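Shown next: entry05.cif, containing mmCIF, C-alpha atoms.
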```cif
data_target
loop_
_atom_site.label_atom_id
_atom_site.label_comp_id
_atom_site.auth_asym_id
_atom_site.auth_seq_id
_atom_site.Cartn_x
_atom_site.Cartn_y
_atom_site.Cartn_z
CA MET C 736 -55.71 38.71 -16.86
CA SER C 737 -56.90 36.42 -19.64
CA HIS C 738 -55.24 33.01 -19.79
CA ASP C 739 -55.23 33.43 -23.59
CA ALA C 740 -53.07 36.56 -23.51
CA ALA C 741 -50.15 36.36 -25.92
CA PRO C 742 -46.63 36.56 -24.46
CA ASN C 743 -44.70 39.78 -24.83
CA LEU C 744 -42.76 39.60 -28.10
CA ASP C 745 -41.47 43.17 -28.36
CA PHE C 746 -38.18 43.94 -26.61
CA ALA C 747 -35.91 46.95 -27.01
CA GLY C 748 -32.79 44.81 -27.31
CA THR C 749 -32.15 41.10 -27.16
CA THR C 750 -34.69 38.96 -25.31
CA PRO C 751 -34.39 38.41 -21.54
CA TYR C 752 -33.98 34.70 -22.33
CA GLU C 753 -30.99 35.40 -24.55
CA ASP C 754 -29.49 37.78 -22.00
CA TYR C 755 -29.63 35.07 -19.33
CA VAL C 756 -28.85 31.88 -21.30
CA GLN C 757 -26.48 33.37 -23.91
CA ALA C 758 -27.96 30.95 -26.41
CA ASP C 759 -26.61 32.89 -29.39
CA VAL C 760 -23.07 32.43 -28.04
CA LEU C 761 -23.59 28.73 -27.35
CA THR C 762 -25.10 27.95 -30.76
CA HIS C 763 -22.29 29.68 -32.65
CA LEU C 764 -19.38 27.93 -30.92
CA GLN C 765 -19.39 25.02 -33.37
CA LYS C 766 -16.55 25.29 -35.89
CA THR C 767 -16.43 22.03 -37.80
CA LEU C 768 -13.20 21.18 -39.63
CA SER C 769 -14.39 18.47 -42.01
CA ASP C 770 -17.19 18.04 -44.55
CA ASP C 771 -18.66 15.07 -42.73
CA PRO C 772 -22.11 15.84 -41.23
CA GLY C 773 -21.37 13.54 -38.29
CA GLU C 774 -18.67 15.89 -37.00
CA MET C 775 -21.31 18.37 -35.80
CA VAL C 776 -22.80 15.65 -33.57
CA PHE C 777 -19.38 14.82 -32.14
CA LEU C 778 -18.50 18.48 -31.54
CA VAL C 779 -21.79 19.44 -29.88
CA THR C 780 -21.82 16.30 -27.74
CA THR C 781 -18.31 17.04 -26.54
CA GLN C 782 -19.25 20.63 -25.74
CA VAL C 783 -22.31 19.42 -23.80
CA MET C 784 -20.02 17.13 -21.80
CA GLU C 785 -17.82 20.11 -20.95
CA LEU C 786 -20.86 21.97 -19.63
CA TRP C 787 -21.82 19.00 -17.44
CA PHE C 788 -18.23 18.81 -16.16
CA THR C 789 -18.55 22.46 -15.14
CA VAL C 790 -21.81 21.88 -13.24
CA ILE C 791 -20.49 18.77 -11.48
CA VAL C 792 -17.29 20.54 -10.41
CA HIS C 793 -19.48 23.30 -8.98
CA GLU C 794 -21.53 20.75 -7.00
CA TRP C 795 -18.52 18.88 -5.67
CA GLU C 796 -16.74 22.08 -4.66
CA THR C 797 -19.95 23.14 -2.89
CA ALA C 798 -20.07 19.77 -1.12
CA ALA C 799 -16.38 19.91 -0.15
CA ARG C 800 -16.78 23.40 1.31
CA ALA C 801 -19.90 22.35 3.23
CA LEU C 802 -18.15 19.27 4.63
CA ARG C 803 -15.29 21.49 5.78
CA GLU C 804 -17.86 23.64 7.60
CA ASP C 805 -19.71 20.63 9.08
CA ASP C 806 -22.81 21.54 7.09
CA LEU C 807 -24.09 18.07 6.24
CA PRO C 808 -27.46 19.07 4.71
CA VAL C 809 -25.80 21.35 2.14
CA ALA C 810 -23.10 18.75 1.37
CA LEU C 811 -25.60 15.92 0.92
CA ALA C 812 -27.89 18.07 -1.23
CA ALA C 813 -24.99 18.99 -3.55
CA LEU C 814 -23.87 15.37 -3.82
CA LYS C 815 -27.44 14.29 -4.60
CA ARG C 816 -27.79 16.91 -7.32
CA SER C 817 -24.51 15.78 -8.80
CA THR C 818 -25.86 12.23 -9.23
CA TYR C 819 -28.64 13.54 -11.49
CA GLU C 820 -26.06 15.55 -13.40
CA LEU C 821 -23.76 12.54 -13.71
CA GLU C 822 -26.67 10.55 -15.13
CA SER C 823 -27.18 13.28 -17.73
CA LEU C 824 -23.45 13.39 -18.44
CA ASN C 825 -23.37 9.64 -18.94
CA ALA C 826 -26.38 9.85 -21.29
CA SER C 827 -24.28 12.19 -23.44
CA TRP C 828 -22.51 9.12 -24.80
CA LYS C 829 -25.71 8.01 -26.58
CA PRO C 830 -25.14 10.00 -29.80
CA LEU C 831 -21.59 8.61 -30.05
CA ALA C 832 -22.06 5.13 -28.63
CA HIS C 833 -22.77 3.41 -31.95
CA LEU C 834 -20.22 5.00 -34.26
CA THR C 835 -18.65 2.56 -36.69
CA PRO C 836 -14.91 2.89 -37.38
CA ALA C 837 -15.66 4.34 -40.81
CA GLN C 838 -18.01 6.96 -39.38
CA PHE C 839 -15.47 8.02 -36.76
CA ASN C 840 -12.61 8.04 -39.27
CA ALA C 841 -14.59 10.43 -41.48
CA TYR C 842 -13.76 13.32 -39.13
CA ARG C 843 -11.19 11.92 -36.73
CA SER C 844 -8.39 13.84 -38.43
CA ALA C 845 -10.16 17.08 -37.42
CA LEU C 846 -9.19 16.34 -33.82
CA GLY C 847 -5.49 16.46 -34.66
CA GLU C 848 -3.63 16.13 -31.35
CA GLY C 849 -6.83 16.83 -29.42
CA SER C 850 -7.99 14.35 -26.81
CA GLY C 851 -10.50 14.30 -23.98
CA PHE C 852 -7.77 13.82 -21.38
CA GLN C 853 -6.70 17.39 -22.17
CA SER C 854 -9.98 18.75 -20.77
CA ALA C 855 -9.14 21.07 -17.88
CA MET C 856 -12.62 20.87 -16.35
CA TYR C 857 -12.61 17.08 -16.48
CA ARG C 858 -9.20 17.18 -14.80
CA ARG C 859 -10.71 19.25 -11.99
CA MET C 860 -13.38 16.58 -11.62
CA GLU C 861 -10.69 13.92 -11.33
CA PHE C 862 -8.77 15.96 -8.76
CA LEU C 863 -11.94 16.32 -6.66
CA LEU C 864 -12.27 12.53 -6.79
CA GLY C 865 -8.73 12.16 -5.41
CA GLU C 866 -7.16 11.23 -8.75
CA LYS C 867 -4.28 13.69 -8.41
CA SER C 868 -1.36 13.95 -10.85
CA ALA C 869 0.91 16.97 -11.27
CA SER C 870 1.88 15.76 -14.74
CA MET C 871 -1.67 16.42 -15.94
CA LEU C 872 -1.02 20.15 -15.55
CA VAL C 873 1.62 20.05 -18.28
CA PRO C 874 -0.79 20.30 -21.25
CA HIS C 875 -2.15 23.56 -19.82
CA ARG C 876 1.11 25.47 -19.40
CA GLY C 877 0.18 27.68 -22.35
CA ALA C 878 -3.06 28.84 -20.67
CA PRO C 879 -2.02 30.67 -17.46
CA ARG C 880 -5.50 31.08 -15.96
CA VAL C 881 -6.46 27.44 -16.54
CA HIS C 882 -3.07 26.22 -15.30
CA ALA C 883 -3.38 28.31 -12.12
CA GLU C 884 -6.88 26.94 -11.42
CA LEU C 885 -5.68 23.37 -11.87
CA GLU C 886 -2.59 23.91 -9.73
CA LYS C 887 -4.81 25.28 -6.95
CA ALA C 888 -7.14 22.28 -7.26
CA LEU C 889 -4.16 19.90 -7.19
CA HIS C 890 -3.20 21.07 -3.69
CA GLU C 891 -6.71 21.25 -2.26
CA PRO C 892 -8.46 18.42 -0.39
CA SER C 893 -10.56 16.10 -2.50
CA LEU C 894 -14.16 15.27 -1.64
CA TYR C 895 -12.92 12.10 0.02
CA ASP C 896 -10.29 13.99 2.02
CA GLU C 897 -13.01 16.29 3.37
CA VAL C 898 -15.19 13.33 4.36
CA LEU C 899 -12.31 11.63 6.18
CA ARG C 900 -11.45 14.88 7.97
CA LEU C 901 -15.09 15.18 9.04
CA PHE C 902 -14.99 11.61 10.34
CA ALA C 903 -11.89 12.43 12.36
CA ARG C 904 -13.62 15.48 13.86
CA ARG C 905 -16.50 13.17 14.80
CA GLY C 906 -14.09 10.96 16.72
CA LEU C 907 -13.56 8.15 14.23
CA PRO C 908 -10.01 6.72 14.11
CA VAL C 909 -8.84 8.03 10.74
CA PRO C 910 -5.02 7.72 10.83
CA ALA C 911 -2.85 10.83 10.91
CA SER C 912 -0.90 9.52 7.90
CA VAL C 913 -4.08 9.94 5.84
CA LEU C 914 -5.15 13.26 7.33
CA GLU C 915 -1.70 14.83 6.93
CA ARG C 916 -0.76 13.35 3.56
CA ASP C 917 0.54 15.38 0.61
CA LEU C 918 -2.72 16.43 -1.05
CA SER C 919 -1.07 16.84 -4.43
CA GLN C 920 -0.52 13.08 -4.60
CA LYS C 921 -3.05 10.48 -5.70
CA TYR C 922 -5.01 9.01 -2.82
CA GLU C 923 -3.83 5.52 -1.85
CA PRO C 924 -6.08 3.03 0.02
CA SER C 925 -5.57 2.55 3.75
CA GLU C 926 -6.46 -0.53 5.82
CA GLU C 927 -7.26 1.74 8.77
CA VAL C 928 -9.71 3.77 6.67
CA GLU C 929 -11.28 0.53 5.43
CA LYS C 930 -11.86 -0.45 9.09
CA VAL C 931 -13.47 2.93 9.75
CA TRP C 932 -15.94 2.40 6.90
CA ALA C 933 -16.61 -1.18 8.02
CA ALA C 934 -17.43 0.11 11.52
CA VAL C 935 -19.71 2.81 10.09
CA TYR C 936 -21.63 0.34 7.94
CA GLY C 937 -21.68 -2.30 10.67
CA GLY C 938 -23.16 0.04 13.26
CA GLU C 939 -26.69 -0.12 14.68
CA ASP C 940 -27.72 3.29 13.31
CA GLN C 941 -28.09 2.76 9.58
CA ASP C 942 -29.47 6.28 9.17
CA SER C 943 -26.48 7.98 10.77
CA ASP C 944 -24.78 10.95 9.14
CA MET C 945 -21.80 8.72 8.39
CA VAL C 946 -23.85 6.10 6.54
CA ARG C 947 -25.71 8.81 4.61
CA ILE C 948 -22.40 10.36 3.54
CA GLY C 949 -21.09 6.93 2.59
CA GLU C 950 -24.13 6.18 0.46
CA ALA C 951 -23.96 9.59 -1.23
CA LEU C 952 -20.32 8.94 -2.15
CA THR C 953 -21.22 5.43 -3.28
CA ASP C 954 -23.84 6.82 -5.67
CA VAL C 955 -21.26 9.24 -7.07
CA GLY C 956 -18.58 6.54 -7.35
CA GLU C 957 -20.92 4.16 -9.16
CA LEU C 958 -21.86 6.78 -11.74
CA VAL C 959 -18.21 7.73 -12.26
CA TRP C 960 -17.46 4.04 -12.88
CA ARG C 961 -20.34 3.90 -15.39
CA TRP C 962 -18.98 7.02 -17.13
CA ARG C 963 -15.59 5.38 -17.54
CA ASN C 964 -17.10 2.16 -18.84
CA ASP C 965 -19.40 3.94 -21.29
CA HIS C 966 -16.37 5.86 -22.56
CA LEU C 967 -14.47 2.60 -22.95
CA VAL C 968 -17.28 0.87 -24.87
CA ALA C 969 -17.89 3.83 -27.19
CA THR C 970 -14.17 4.07 -27.96
CA ARG C 971 -13.83 0.34 -28.50
CA ARG C 972 -16.69 0.38 -31.01
CA ALA C 973 -15.37 3.43 -32.88
CA MET C 974 -11.66 2.64 -33.10
CA GLY C 975 -10.87 -0.78 -31.66
CA SER C 976 -7.43 -1.00 -30.11
CA LYS C 977 -5.79 1.73 -32.18
CA ALA C 978 -3.78 4.41 -30.40
CA GLY C 979 -5.94 7.25 -29.11
CA THR C 980 -5.79 10.88 -30.18
CA GLY C 981 -3.25 13.02 -28.37
CA GLY C 982 -0.83 10.10 -28.02
CA SER C 983 -2.84 8.15 -25.44
CA ALA C 984 -2.97 4.35 -25.44
CA GLY C 985 -6.64 4.51 -26.42
CA VAL C 986 -8.69 1.52 -25.29
CA ALA C 987 -5.83 0.07 -23.20
CA TRP C 988 -5.65 3.28 -21.14
CA LEU C 989 -9.44 3.41 -20.76
CA GLU C 990 -9.56 -0.25 -19.69
CA LYS C 991 -7.08 0.48 -16.92
CA ARG C 992 -9.18 3.45 -15.77
CA ALA C 993 -12.41 1.45 -15.86
CA ARG C 994 -11.04 -1.18 -13.49
CA LYS C 995 -10.47 1.37 -10.72
CA ASN C 996 -13.00 2.63 -8.20
CA VAL C 997 -12.92 6.07 -6.64
CA PHE C 998 -13.30 6.20 -2.83
CA PRO C 999 -11.67 2.72 -2.70
CA GLU C 1000 -12.19 1.70 0.94
CA LEU C 1001 -15.86 2.57 0.69
CA TRP C 1002 -16.18 -0.42 -1.65
CA THR C 1003 -13.74 -2.88 -0.08
CA ALA C 1004 -15.14 -2.32 3.45
CA ARG C 1005 -18.41 -3.89 2.37
CA SER C 1006 -16.71 -7.29 2.39
CA HIS C 1007 -16.06 -6.91 6.13
CA VAL C 1008 -19.53 -5.91 7.31
#
```
Turn the structure described in the file into structure tokens.
Amino acid sequence: MSHDAAPNLDFAGTTPYEDYVQADVLTHLQKTLSDDPGEMVFLVTTQVMELWFTVIVHEWETAARALREDDLPVALAALKRSTYELESLNASWKPLAHLTPAQFNAYRSALGEGSGFQSAMYRRMEFLLGEKSASMLVPHRGAPRVHAELEKALHEPSLYDEVLRLFARRGLPVPASVLERDLSQKYEPSEEVEKVWAAVYGGEDQDSDMVRIGEALTDVGELVWRWRNDHLVATRRAMGSKAGTGGSAGVAWLEKRARKNVFPELWTARSHV
């Protein structure tokens, strides 16, 4: 076959690319509500973030299931992929990171009561990180399927829960109070778990499964922290300390979130190694 042969351009229906990617659906989902040209950037960027949330939830659910089945290669591969996806998610702030207050105000009213904290897929991400809260299901009561998915995720083990359960199966002294806790509640740090991580990181085998899992979670936790800080900075530039959309406290709420680390003992244990 000649290398100069033209690609096939004649298809009976839509192209195979369209059939697979559904590009026509994606590129017609943008319904702007203001006359400001900047709103299209905001809307598409937000939709791109939602797609990255979806991919990351898929990876973390894959990792959690693999951890439950003691399949470390699959779990570590999914966590590694998620770090690349988190980097892409975080880069999504770039188009919005330098909005002036006037530019944001030009279409802010289009959001109405809308706010990012109402994102169901982002909430599933938070639940997988151990940031559980039954109250965050309330905004989704009017969408039965979404509400049911979130309620299921609320009562399932987080990524961190699955790691600690794996450690216990490997003979590490994870306390029963942690292993048998109410999974619908936010994870609270444990001194005993901190000691487990300190022992893992202080051991002779720095290429052990436990250290590799710890480092994979550390990579994820660092990128989540960067996501929260990038969100904070972008919001601070665009609206200062004004109240956020949807009734949130805006920057004050984001500042509180940015100060917190996921997988807490994984960070504090480093001081004891």
On this structure, which residues satisfy the PyMOL selection byres ((chain C and resi 880-890) around 10), written as a VMD selection string? chain C and resid 796 855 to 856 858 to 863 865 to 869 871 to 879 891 to 893 917 to 921
Spatial neighbours of Arg961 of chain C, max dist 10 Å, only C-alpha atoms, sep filter under 3 positions, as a list in words: Leu821, Glu822, Asn825, Val955, Gly956, Glu957, Leu958, Asn964, Asp965, His966, Leu967 and Ala993 of chain C
Produce a file of the selected residues containing C-alpha atoms, as an mmCIF file, keeping the file's coordinate frame.
```cif
data_model
loop_
_atom_site.group_PDB
_atom_site.id
_atom_site.type_symbol
_atom_site.label_atom_id
_atom_site.label_comp_id
_atom_site.auth_asym_id
_atom_site.auth_seq_id
_atom_site.Cartn_x
_atom_site.Cartn_y
_atom_site.Cartn_z
ATOM 1 C CA LEU C 821 -23.760 12.540 -13.710
ATOM 2 C CA GLU C 822 -26.670 10.550 -15.130
ATOM 3 C CA ASN C 825 -23.370 9.640 -18.940
ATOM 4 C CA VAL C 955 -21.260 9.240 -7.070
ATOM 5 C CA GLY C 956 -18.580 6.540 -7.350
ATOM 6 C CA GLU C 957 -20.920 4.160 -9.160
ATOM 7 C CA LEU C 958 -21.860 6.780 -11.740
ATOM 8 C CA ASN C 964 -17.100 2.160 -18.840
ATOM 9 C CA ASP C 965 -19.400 3.940 -21.290
ATOM 10 C CA HIS C 966 -16.370 5.860 -22.560
ATOM 11 C CA LEU C 967 -14.470 2.600 -22.950
ATOM 12 C CA ALA C 993 -12.410 1.450 -15.860
#
```
Fewer than 3 positions away in the same chain doesn't count, so skip those; otherwise give me all residues within 8 Å of Gly937 of chain C, counting all atoms listed in the file, as a CSV table (one decimal) with C-alpha atoms, in the frame of the given file.
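What landed in part-v4.csv:
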```csv
chain,number,residue,atom,x,y,z
C,933,ALA,CA,-16.6,-1.2,8.0
C,934,ALA,CA,-17.4,0.1,11.5
C,1008,VAL,CA,-19.5,-5.9,7.3
```
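Each of C:Phe788, C:Tyr819, C:Phe746, C:Tyr936 was compared to Ala1004 of chain C using only C-alpha atoms, and C:Tyr936 turns out to be the nearest.
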To one decimal place, how far is atom CA of Ser769 of chain C from atom CA of Gly851 of chain C in Å? 18.9 Å
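Comparing the minimum interatomic distances between Val809 of chain C and each of C:Trp795, C:Arg972, C:Ser925, C:Val946, counting only C-alpha atoms, we find that C:Trp795 sits nearest.
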For a cutoff of 9 Å around the file-coordinate point (-13.0, 4.2, -7.6), which residues qualify once you count only C-alpha atoms? I'd like the result as a ChimeraX atom specification. /C:864,956-957,959-960,993-1002
Starting from the displayed file, determine the output of the PyMOL selection byres ((chain C and resi 776) around 12) and express the residue list as a VMD selection string. chain C and resid 765 to 767 771 to 775 777 to 783 827 to 832 834 838 to 839 842
Minimum-distance residue to Ala798 of chain C, chosen among C:Val898, C:Leu914, C:Val928, C:Met784 (using all atoms listed in the file): C:Val898
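Nearest residue to Ser1006 of chain C among C:Lys930, C:Arg947, C:Lys991, C:Arg904 is C:Lys930, counting all atoms listed in the file.
The space separating atom CA of Leu894 of chain C from atom CA of Glu939 of chain C comes to 25.7 Å.
For the choices C:Thr818, C:Thr835, C:Tyr857, C:Ala826, the atom-to-atom distance to Val792 of chain C is smallest for C:Tyr857 when using all atoms listed in the file.
Our summary of the geometry notes that atom CA of Glu785 of chain C is positioned 13.7 Å from atom CA of Trp962 of chain C.
Minimum distance to Ala837 of chain C across C:Met974, C:Ala801, C:Ala747, C:Leu814 (counting all atoms listed in the file) occurs at C:Met974.
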